[in-house]
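Participant: Attaching a single structure in C-alpha cells format; questions to follow.
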Amino acid sequence: MLAFLLRRAALVVPTFFGVTLLAFSLIHLIPGDPVENLSGERGMDPERRLRLLHQFGLDKSLPAQYFDYIRQLLGGDLGTSLTTHEPVLREFLTLFPATIELAFFALLLSVIVGLPAGILAAVKRNTVADYAVMGVSLTGYSMPIFWWALLLILFFSVQLGWTPVSGRISVEYDVPALSGFMLIDALRFGEPGAFRSAASHLVLPSIVLGTIPLAVIARMTRSSMLEVLREDYVRTARAKGMPRSQVILVHALRNALIPVITVIGLQVGLLLSGAILTETIFSWPGVGNWLIHGVQSRDYPVVQGGILLIAAIVITVNLIVDLLYGVINPRIRHG
Amino acid sequence: MKRTRFLRRSALVVAIAALLPAAAAAKGTLVYCSEGSPEGFQPQFFTTGTTFDAVSVPMFNRLVEFDIGTTNIVPALAESWTISPDGKVFTFKLRKGVKFHSNANFKPTRDLNADDVIFSWDRMANDKNAFHGGTGGQTYAYFDDMGMKNIVEKVEKVDPMTVRFTLKRPEAPFLADMAMDFASILSLEYFEAMAKKGTPNAADIFPIGTGPFEFVSYQKDATIRYKAFDQHWKGRPKIDSLVYSITRDATARYAKLKTGECQVMAFPKPADLAEMQKDPALNVLSKEGLNVGYIAFNVEKKPFDNKLVRQALNLATNKEAILKAVYQGQGQVAKNPIPPILWSYNNAVQDYPYDPAKAKALLAQAGYPNGFEVDLWYLPVTRPYNPDGKRMAELIQADWEKIGVKAKLLTYEWAEYRKRSKTGEQTVMMFGWSGDNGDPDNFFVPLLGCEAVKGGGNVARWCNKPFEDLIIKAAQTPKQADRAKLYEQAQVIFKEEAPWITLAHSVRFDPVRKEVQGYKMDATAHHYFNNSDIVK
C-alpha cells in the first residue's frame, strides 16, 4: 500500500510543473498585454509604463519570467493581482468557498438524480424508461451551458418568478462572510429569510452546473449496471429466489458502483471548469468568475495562480479517488 | 396511504415555498446592477469608469464638479475660485463645515480644510510624501497619464480655508481637470490616524470621503453596500441605502431589472433596447454621449499624405447608412471631432456629403484614377462610441469599393490593437474616444495635438501648425467665450484637412424602473444616485 501511495504521489510533482508551464505559456501566448490593458484609449505616461513593466517583471525575457515565477512559487508566494494589487492566494481563498458550495450542490444533485436514473435505465433496458433516461442525459450532456442557463433564468426567474436571477443572496440581507459558505453564514445570521434566500439562489446555478455530471453519472451507472447484471452471481442469486429489488440494490449495485465512484471523482474537474461559465452567468462570486475576469484583463498572476490552485485540487481529489479505489480493489494496489 | 401522500405533497409545497425569492429590497434601498467589480477603493489609483462609479462618485467630492447631466463646472468642496489674469494661478476658497465620513476605526475630529486638499495633491505629485507609496505598488494613473507633473508648479495653503495652485503655464482646462475623479479630496486626518495605528494601508482600503454615501461593506465580486451620509454638505440623500449588485452579464442584468432585483442597470445591450422601451415597468433614459467614433488616416503614409485622397474617402462614406445599420439609429452623424453637447461645438461646419461621383473625381485629381488598395483596421470590441466595428468596416469597404478603393479588413486583440496604433503601423484605422471631462481640450489635445503624435493618442499622426496654434492658444486663454471662438476655428481647419472621417456620436441609455424618481443621467457616463428616490 505504501509503495502504491509513493508511486502515485511521485507522479504529482511533474504534473504540477507541467501545469505551471502550461498555464504560463498559454496566458503569455494569447495576444494582449496587461500594462496596455491598464491604459485604455488615452494611452499611458511612458514613464509610468516603464515603471509598471519593471514592477510586474514584464521587462525580462519569457524564460526569466518563468523561472522567477517558479522561484516565487517554491517560496510559497502565488504573486499579486495586477489589477487589484491583492495577493492571489488571498483572493482565491475569499472566493473559493462560493465555488465549493455551488459545486457541492451541483454534485449532490447529479448523484441523487443520476444514480437512480442510471439504475432505472439498466433494469428497464430497451424500454421507454431507458430511452427516456438516455435521451435526456444525452441532451443534457450536449447542452451549451450558457444557453441552458439563460433559458432557465428566463423561464423560472423572469416568467414564473420562482427563483432569483443571480447572485448568492438577496441584497436585503447583509450577511457577514464568516465561513464563506453562504448557507452556513445565513443560518448563523439568525434571520430565517436569509437562509431561504441563500437556498433559493443556489437552485438554478446548481441545476446548470450539475447537468453534465448528472448525464455522465446516469450513463456510467447504466452501463456498469448492465455489465454486472449479466454476471453469474447475479443469475445465481435470482435463481435462488432472492427478491429482485435485493439483487439489484445489494448484489449488483454495490459492484457496479466501483467505476461510478471513479467517474464521480473525475467530475470534480468538470465541475470546477464548468463553474467558470456558470458563475459568470449567475454573477456567482466564485473563482470561475474571477478567472474569466483575470483572462480578460490579462492578469497573469491571477490566471497562473488560479489554474495552479484548481489543478492542485483536481489532482488531490483524483489521488484520493485512486487510493480509495486501491482500498476497494486489491488488484489495483498490487498491479 | 392517502394521508402519507398528502403529507408528502404538503412537504413539497412547503419546500418550494421556502425556495421562492424573498421579498424585494427593503424600503429606501436602491439597488444598482453594475457591470463589474471596482479594482479598489481609492480614486487616485485607478482609471476605469467602473471603479469611479463605485468609489469617487458615491463617496468622494472634488473641489469643483460637473453639474450632473451637463459638462458645466459647479462649486463643490470649493465654494468659489478665482483665476489670475495670466491664467496661471487658481485660488480655491473652501466650503465651511464639510464633514468627513467615519468608520469603526476612525472618527473625524475636524471639518475639511486646506491641509486635506494639499495632502490629496501632494500625495500624488511628491514621491517624498509619506503616503506616496500606497498599497501594493499602485501608481497614480490618471495624474501621471494626464501629465499633471508638467502642469502644476506648486500648491500652497493661503489660509486654513484657501488653497492656491500655481501652474507652470497658463492652462484653462485645469479647472475641468480638477473636477475629475482622480482629484477627489481625501482626509489627511484619517491617513495619519491609520499610520499611527500601524495600518496605513487601511486608509486606501476602507474609504473615508465627504460624498453623499458612506461605505458599509464589500463582498468581492458580489455586492458593495453604502448608507446615506446624514451630514453630507449638500444634504442627506433621499434613499437610506445604496447597493451595487455586481452582475457582469448584460442579459442577467436585464433579467434582474425586470424582476425588480435591481432598480437601475448599467450598460444595456443595444439589441435589448427596443423590448425595454415597450416594458411598462421601465423608463429608458437616454443621453447624447460625450464621445466620437472615427476613421483615422495615417497622414505620414501614402496616399493619405494627400489631403485630396482623405477628402475623397470622406465623400465616399455613407454615414447615414452606417448610423442606421451599426448604431441602429441610436446616435447622430458626427461632423466635428467633438460632440454637440460640448461647448464650442461649431455647428456652422459643413460636413462632406455622400457623393461617390465627386469622390472619384477627387481621387483622379489626386493621381489615383483607378483607386488603390489599403488595409483598414477595425475595432475588435464593442466600445461606447462604436457598437460593432466589424459591421461598420464591411459597410465602409463596400462604399469605398464603388470608387475603386479596395480595403482589406484587419484587426488585432484589443490591447494589441491600441499598442500597434501608437507606433504608427496603421494606414487607416477605426478608433474613438469617450471624453472624461467636459472641456473641449480633452478631445482636441489628446487626439489631434502634435504632442499626441509622439504619445500615440493621435492615431492619424496629423500635426497641423495652424490647428495646433489655435488649440494651444485656447488652452492658455482664461475666458470660455474667447476659447470657444478659437476651438470653432480649429474645427474648420480640421474639416478642410480631413485627417479623420468623423462617423458618429453614440447615445447612451440607462434603463431605470418606474419606481425610481429623480435619477438623472450624467454627461461623463457616471451613475449618480444622490438625488434618486424610490417611490412605491
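Starting from 1 in every chain, residues are counted up; chains themselves are A, B, ... following the order of the C-alpha cells, and ligands are numbered from 1 as listed.
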Can you write out as JSON lines which residues of chain A fall within 6 Å of chain B, alongside each residue's closest atom pair and its distance in Å to one decimal, counting only C-alpha atoms and ordering rows by chain and ascending residue number?
Facilitator:
```
{"residue": "A:Gly32", "atom": "CA", "partner": "B:Ala415", "partner_atom": "CA", "distance": 5.1}
{"residue": "A:Glu36", "atom": "CA", "partner": "B:Ala415", "partner_atom": "CA", "distance": 5.7}
{"residue": "A:Asn37", "atom": "CA", "partner": "B:Ala415", "partner_atom": "CA", "distance": 5.7}
{"residue": "A:Met44", "atom": "CA", "partner": "B:Asp145", "partner_atom": "CA", "distance": 5.2}
{"residue": "A:Asp45", "atom": "CA", "partner": "B:Asp145", "partner_atom": "CA", "distance": 4.5}
{"residue": "A:Thr84", "atom": "CA", "partner": "B:Glu39", "partner_atom": "CA", "distance": 4.8}
{"residue": "A:His85", "atom": "CA", "partner": "B:Gly136", "partner_atom": "CA", "distance": 5.5}
{"residue": "A:Trp162", "atom": "CA", "partner": "B:Leu20", "partner_atom": "CA", "distance": 5.2}
{"residue": "A:Thr163", "atom": "CA", "partner": "B:Pro21", "partner_atom": "CA", "distance": 5.5}
{"residue": "A:Pro164", "atom": "CA", "partner": "B:Pro21", "partner_atom": "CA", "distance": 5.6}
{"residue": "A:Val165", "atom": "CA", "partner": "B:Lys256", "partner_atom": "CA", "distance": 5.9}
{"residue": "A:Glu172", "atom": "CA", "partner": "B:Ala25", "partner_atom": "CA", "distance": 4.9}
{"residue": "A:Arg196", "atom": "CA", "partner": "B:Ala18", "partner_atom": "CA", "distance": 5.8}
{"residue": "A:Ser197", "atom": "CA", "partner": "B:Ala22", "partner_atom": "CA", "distance": 5.7}
{"residue": "A:Ser200", "atom": "CA", "partner": "B:Leu19", "partner_atom": "CA", "distance": 4.4}
{"residue": "A:Ile281", "atom": "CA", "partner": "B:Asp249", "partner_atom": "CA", "distance": 5.9}
{"residue": "A:Ser283", "atom": "CA", "partner": "B:Thr247", "partner_atom": "CA", "distance": 5.2}
{"residue": "A:Pro285", "atom": "CA", "partner": "B:Asp221", "partner_atom": "CA", "distance": 5.1}
```
Participant: Mind writing the picked residues with C-alpha atoms as a PDB file, in the first residue's frame?
Facilitator:
```pdb
ATOM      1  CA  GLY A  32      -2.614  41.202 -25.227  1.00  0.00           C
ATOM      2  CA  GLU A  36      -1.634  48.123 -22.154  1.00  0.00           C
ATOM      3  CA  ASN A  37      -4.863  46.849 -20.632  1.00  0.00           C
ATOM      4  CA  MET A  44      -0.187  55.825 -20.721  1.00  0.00           C
ATOM      5  CA  ASP A  45       2.527  58.120 -19.494  1.00  0.00           C
ATOM      6  CA  THR A  84      -6.411  44.845  -7.636  1.00  0.00           C
ATOM      7  CA  HIS A  85      -2.885  44.541  -6.154  1.00  0.00           C
ATOM      8  CA  TRP A 162     -39.877  31.266  -8.685  1.00  0.00           C
ATOM      9  CA  THR A 163     -36.151  31.747  -8.348  1.00  0.00           C
ATOM     10  CA  PRO A 164     -33.902  34.806  -8.216  1.00  0.00           C
ATOM     11  CA  VAL A 165     -31.924  35.675 -11.345  1.00  0.00           C
ATOM     12  CA  GLU A 172     -31.774  42.710   1.678  1.00  0.00           C
ATOM     13  CA  ARG A 196     -34.336  30.774   2.481  1.00  0.00           C
ATOM     14  CA  SER A 197     -32.938  33.428   0.176  1.00  0.00           C
ATOM     15  CA  SER A 200     -33.231  29.819  -3.492  1.00  0.00           C
ATOM     16  CA  ILE A 281     -23.912  33.982 -15.969  1.00  0.00           C
ATOM     17  CA  SER A 283     -22.922  36.518 -11.066  1.00  0.00           C
ATOM     18  CA  PRO A 285     -18.763  35.414  -6.800  1.00  0.00           C
TER      19      PRO A 285
END
```
Participant: Which residues, written as a ChimeraX atom specification, have at least one atom at most 9 Å from segment 205-219 of chain A, with only C-alpha atoms counted and residues fewer than 2 positions away on the same chain left out?
Facilitator: /A:102-119,121,133-134,136-143,145-146,148-149,152,166,201-203,221-224,260,263-264,267,270-271,274-275,277-279,281-282,284
Participant: Within segment 69-176 of chain A, find each residue whose DSSP state, derived from the backbone, is alpha helix (DSSP H), and express the selection as a PyMOL selection string.
Facilitator: chain A and resi 69-74+88-123+128-142+145-152
Participant: If you keep C-alpha atoms, can you produce a file of those selected residues as an mmCIF file, in the first residue's frame?
Facilitator:
```
data_model
loop_
_atom_site.group_PDB
_atom_site.id
_atom_site.type_symbol
_atom_site.label_atom_id
_atom_site.label_comp_id
_atom_site.auth_asym_id
_atom_site.auth_seq_id
_atom_site.Cartn_x
_atom_site.Cartn_y
_atom_site.Cartn_z
ATOM 1 C CA TYR A 69 7.583 32.657 -11.158
ATOM 2 C CA ILE A 70 8.757 29.168 -10.148
ATOM 3 C CA ARG A 71 11.173 30.597 -7.596
ATOM 4 C CA GLN A 72 8.362 32.659 -6.146
ATOM 5 C CA LEU A 73 6.065 29.602 -6.091
ATOM 6 C CA LEU A 74 8.611 27.473 -4.296
ATOM 7 C CA VAL A 88 -3.622 35.963 -5.457
ATOM 8 C CA LEU A 89 -3.922 33.374 -2.686
ATOM 9 C CA ARG A 90 -5.991 35.693 -0.512
ATOM 10 C CA GLU A 91 -8.361 36.464 -3.409
ATOM 11 C CA PHE A 92 -8.654 32.753 -4.201
ATOM 12 C CA LEU A 93 -9.396 31.794 -0.604
ATOM 13 C CA THR A 94 -12.011 34.551 -0.309
ATOM 14 C CA LEU A 95 -13.849 33.337 -3.392
ATOM 15 C CA PHE A 96 -13.290 29.588 -3.252
ATOM 16 C CA PRO A 97 -15.973 28.739 -0.645
ATOM 17 C CA ALA A 98 -18.607 30.112 -3.054
ATOM 18 C CA THR A 99 -17.351 27.758 -5.757
ATOM 19 C CA ILE A 100 -17.217 24.764 -3.408
ATOM 20 C CA GLU A 101 -20.727 25.466 -2.201
ATOM 21 C CA LEU A 102 -22.038 25.581 -5.748
ATOM 22 C CA ALA A 103 -20.025 22.549 -6.892
ATOM 23 C CA PHE A 104 -21.155 20.551 -3.853
ATOM 24 C CA PHE A 105 -24.835 21.108 -4.542
ATOM 25 C CA ALA A 106 -24.363 20.509 -8.256
ATOM 26 C CA LEU A 107 -22.648 17.199 -7.494
ATOM 27 C CA LEU A 108 -25.253 16.271 -4.906
ATOM 28 C CA LEU A 109 -27.997 16.896 -7.419
ATOM 29 C CA SER A 110 -26.232 14.916 -10.116
ATOM 30 C CA VAL A 111 -25.696 11.924 -7.819
ATOM 31 C CA ILE A 112 -29.185 11.975 -6.307
ATOM 32 C CA VAL A 113 -30.802 12.108 -9.721
ATOM 33 C CA GLY A 114 -28.142 10.438 -11.864
ATOM 34 C CA LEU A 115 -27.722 7.204 -9.878
ATOM 35 C CA PRO A 116 -31.388 6.188 -9.702
ATOM 36 C CA ALA A 117 -31.895 7.244 -13.324
ATOM 37 C CA GLY A 118 -28.980 5.054 -14.442
ATOM 38 C CA ILE A 119 -30.221 2.094 -12.378
ATOM 39 C CA LEU A 120 -33.724 2.511 -13.776
ATOM 40 C CA ALA A 121 -32.402 2.626 -17.340
ATOM 41 C CA ALA A 122 -30.334 -0.537 -16.800
ATOM 42 C CA VAL A 123 -33.075 -2.501 -15.108
ATOM 43 C CA VAL A 128 -39.449 3.638 -22.858
ATOM 44 C CA ALA A 129 -37.898 4.466 -19.463
ATOM 45 C CA ASP A 130 -34.429 3.510 -20.702
ATOM 46 C CA TYR A 131 -34.771 5.530 -23.904
ATOM 47 C CA ALA A 132 -36.130 8.483 -21.964
ATOM 48 C CA VAL A 133 -33.279 8.491 -19.421
ATOM 49 C CA MET A 134 -30.610 8.058 -22.075
ATOM 50 C CA GLY A 135 -32.210 10.600 -24.425
ATOM 51 C CA VAL A 136 -32.498 13.238 -21.711
ATOM 52 C CA SER A 137 -28.969 12.601 -20.458
ATOM 53 C CA LEU A 138 -27.524 12.849 -23.964
ATOM 54 C CA THR A 139 -29.362 16.154 -24.408
ATOM 55 C CA GLY A 140 -28.079 17.341 -21.031
ATOM 56 C CA TYR A 141 -24.554 16.347 -21.935
ATOM 57 C CA SER A 142 -24.627 18.251 -25.223
ATOM 58 C CA ILE A 145 -24.157 25.821 -20.584
ATOM 59 C CA PHE A 146 -24.674 29.483 -21.471
ATOM 60 C CA TRP A 147 -27.832 28.812 -23.412
ATOM 61 C CA TRP A 148 -29.210 26.391 -20.836
ATOM 62 C CA ALA A 149 -28.621 28.886 -18.013
ATOM 63 C CA LEU A 150 -30.297 31.743 -19.857
ATOM 64 C CA LEU A 151 -33.238 29.523 -20.719
ATOM 65 C CA LEU A 152 -33.735 28.591 -17.060
#
```
Participant: Could you pull the residues within 8 Å of Ile276 of chain A, counting only C-alpha atoms, minus those fewer than 2 positions along the same chain, as a ChimeraX atom specification?
Facilitator: /A:272-274,278-280,287-289,291-292
Participant: Grab the atom CA of Arg483 of chain B to atom CA of Asp177 of chain B distance for me, in Å with one decimal place.
Facilitator: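 We find that atom CA of Arg483 of chain B and atom CA of Asp177 of chain B lie 16.2 Å from each other.
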Participant: Could you give me, as number ranges by chain, each residue of segment 195-407 of chain B that DSSP assigns to strand (DSSP E or B) when run on this structure's backbone?
Facilitator: B: 213-219, 223-228, 241-246, 264-265, 282-288, 291-297, 331-333, 373-377, 383, 386, 406-407
Participant: Return the single residue from A:Leu5, A:Asp33, A:Arg125, A:Ser179 that is closest to Leu226 of chain A, with distances computed using only C-alpha atoms.
Facilitator: A:Arg125
Participant: Nearest residue to Met430 of chain B out of B:Gly293, B:Gly518, B:Pro207, B:Pro499, using only C-alpha atoms?
Facilitator: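 Looking at the shortest contact to Met430 of chain B, the residue is B:Gly293.
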Participant: Need to verify the contact set: Leu266 of chain A, 9 Å, only C-alpha atoms, exclusion of same-chain residues closer than 3 positions in sequence. Can you return it as a ChimeraX atom specification?
Facilitator: /A:261-263,269-270,314,317-318,321
Participant: Can you tell me which residues surround Leu282 of chain B at a distance of at most 10 Å, considering only C-alpha atoms, apart from same-chain residues fewer than 5 positions away, and format the answer as an MDAnalysis selection string?
Facilitator: chainID B and resid 257:258 263:264 276:277 511:516
Participant: Would you please work out which residue, of B:Ile151, B:Asn298, B:Phe119, B:Ile185, is nearest to Cys463 of chain B when using only C-alpha atoms?
Facilitator: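 Of B:Ile151, B:Asn298, B:Phe119, B:Ile185, the one nearest Cys463 of chain B is B:Asn298, counting only C-alpha atoms.
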Participant: Can you list, as a ChimeraX atom specification, every protein, DNA or RNA residue that comes within 12 Å of Gln365 of chain B when you count only C-alpha atoms, leaving out same-chain residues fewer than 3 positions away?
Facilitator: /B:306-309,311-312,358-362,368-371
Participant: Could you write those residues out with C-alpha atoms, as a compact mmCIF listing (two decimals), in the first residue's frame?
Facilitator:
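Contents of result10.txt, as written:
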```txt
# COMPACT_ATOMS: atom_id res chain seq x y z
CA ASN B 306 -2.51 63.86 -49.79
CA LYS B 307 -5.45 65.90 -48.50
CA LEU B 308 -7.47 65.21 -51.66
CA VAL B 309 -7.41 61.47 -51.00
CA GLN B 311 -11.41 64.26 -48.65
CA ALA B 312 -12.35 61.77 -51.37
CA LYS B 358 -17.31 63.69 -56.64
CA ALA B 359 -15.13 61.38 -54.59
CA LYS B 360 -13.99 59.52 -57.69
CA ALA B 361 -13.21 62.82 -59.42
CA LEU B 362 -11.14 63.97 -56.43
CA TYR B 368 -5.41 57.74 -58.31
CA PRO B 369 -7.98 57.41 -61.09
CA ASN B 370 -8.16 53.63 -60.60
CA GLY B 371 -8.17 53.76 -56.83
```
Participant: What does the distance from atom CA of Ser187 of chain B to atom CA of Asp116 of chain B come to in Å, to one decimal?
Facilitator: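 That distance, rounded to one decimal, is 5.4 Å.
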Participant: Mind pulling up the distance from atom CA of Thr427 of chain B to atom CA of Lys390 of chain B?
Facilitator: 17.0 Å
